[in-house]
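First up is the structure itself, then whatever we jot down about it.
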Amino acid sequence: MALDSPLGADSPLSDDDQSAIDQLADIRQSIDNIDAALVHLLAERFKFTQSVGHLKAAAGMPASDPERERVQIQRLRQLAEQSRLDPAFAEKFLNFIVGEVIHHHERIAADTASSAVAPGGGAGA
């Protein structure tokens, strides 16, 4: 079966079939554009959260902030409802992102702690 023909490779396309295929291609292009924007936005978000991680590590603060996370989840659920997106999905999405951010913050804190140790004698040498 041909990829662009719902009827098979040898079947001629009706005008309706071709119209549906064209519309599908247009919609998929829009989805691809949104996916690209999401990736760029996530990359930008992670640049900021990396800065937060460095600030927290330098100040000796914990990698996670449960109160901030709770507020963010509540805010995102409200935004999802306003946008007619499933709030549970939005919460799962944010929880995934927050988990990655915390992992990054922990790694930054570990790197900061190991670089604070003076060569040849430990931190107090």
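We name chains A, B, ... following the order of the structure tokens; residues begin at 1 in each chain, and ligands are numbered from 1 as shown.
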Per residue of range 93-121 of chain A within 6 Å of range 56-75 of chain A, record the nearest atom pair and its distance in Å to one decimal, counting only C-alpha atoms, with rows in chain order and ascending residue number, as a Markdown table.
| residue | atom | partner | partner_atom | distance |
| --- | --- | --- | --- | --- |
| A:Ile102 | CA | A:Ala63 | CA | 5.6 |
| A:His105 | CA | A:Ala63 | CA | 5.2 |
| A:Glu106 | CA | A:Ala63 | CA | 5.6 |
| A:Ala109 | CA | A:Ala57 | CA | 4.7 |
Write out, as a PDB file, in the first residue's frame, the residues just selected, with C-alpha atoms.
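again19.pdb written:
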ATOM      1  CA  ILE A 102      16.452  18.143  40.119  1.00  0.00           C
ATOM      2  CA  HIS A 105      20.841  20.367  40.109  1.00  0.00           C
ATOM      3  CA  GLU A 106      22.171  17.366  42.028  1.00  0.00           C
ATOM      4  CA  ALA A 109      25.968  20.414  43.349  1.00  0.00           C
TER       5      ALA A 109
END
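Atom to atom, CA of Gln82 in chain A and CA of Leu94 in chain A stand 16.4 Å apart.
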Between CA of Ser51 in chain A and CA of Ile97 in chain A, measure the distance and give it in Å to one decimal.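 CA of Ser51 in chain A sits 15.6 Å away from CA of Ile97 in chain A.
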I want to know what sits within 12 Å of Arg77 in chain A, based on only C-alpha atoms, with residues of the same chain fewer than 6 positions away left out; could you give that as a CSV table (one decimal) with N, CA and C atoms, in the first residue's frame?
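The result, stored in around-v4.csv:
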chain,number,residue,atom,x,y,z
A,70,ARG,N,5.2,22.5,44.1
A,70,ARG,CA,3.7,22.5,44.4
A,70,ARG,C,3.0,23.6,43.7
A,71,VAL,N,3.6,24.8,43.9
A,71,VAL,CA,3.0,26.0,43.3
A,71,VAL,C,3.0,26.0,41.8
A,83,SER,N,-6.6,26.3,28.9
A,83,SER,CA,-6.3,26.0,27.5
A,83,SER,C,-7.0,24.7,26.9
A,84,ARG,N,-7.9,24.1,27.8
A,84,ARG,CA,-8.6,22.9,27.4
A,84,ARG,C,-7.6,21.7,27.2
A,85,LEU,N,-6.6,21.7,28.0
A,85,LEU,CA,-5.7,20.6,28.0
A,85,LEU,C,-5.9,19.8,29.3
A,86,ASP,N,-5.8,18.5,29.2
A,86,ASP,CA,-6.0,17.7,30.4
A,86,ASP,C,-5.0,18.1,31.5
A,87,PRO,N,-5.5,18.6,32.7
A,87,PRO,CA,-4.6,19.0,33.7
A,87,PRO,C,-3.7,17.9,34.3
A,88,ALA,N,-4.2,16.7,34.3
A,88,ALA,CA,-3.4,15.5,34.7
A,88,ALA,C,-2.2,15.3,33.8
A,89,PHE,N,-2.4,15.5,32.5
A,89,PHE,CA,-1.3,15.4,31.6
A,89,PHE,C,-0.3,16.5,31.8
A,90,ALA,N,-0.8,17.7,32.0
A,90,ALA,CA,0.1,18.9,32.3
A,90,ALA,C,1.0,18.6,33.5
A,91,GLU,N,0.3,18.0,34.5
A,91,GLU,CA,1.0,17.8,35.8
A,91,GLU,C,2.1,16.7,35.6
A,92,LYS,N,1.8,15.6,34.8
A,92,LYS,CA,2.8,14.6,34.5
A,92,LYS,C,3.9,15.2,33.7
A,93,PHE,N,3.6,16.0,32.8
A,93,PHE,CA,4.7,16.7,32.0
A,93,PHE,C,5.6,17.5,32.9
A,94,LEU,N,5.0,18.3,33.7
A,94,LEU,CA,5.8,19.2,34.6
A,94,LEU,C,6.6,18.3,35.6
A,95,ASN,N,6.0,17.2,36.1
A,95,ASN,CA,6.7,16.4,37.0
A,95,ASN,C,8.0,15.7,36.3
Step one, run DSSP on the backbone; step two, keep only residues of chain A assigned to alpha helix (DSSP H); then write them as a PyMOL selection string. chain A and resi 15-59+66-82+87-116
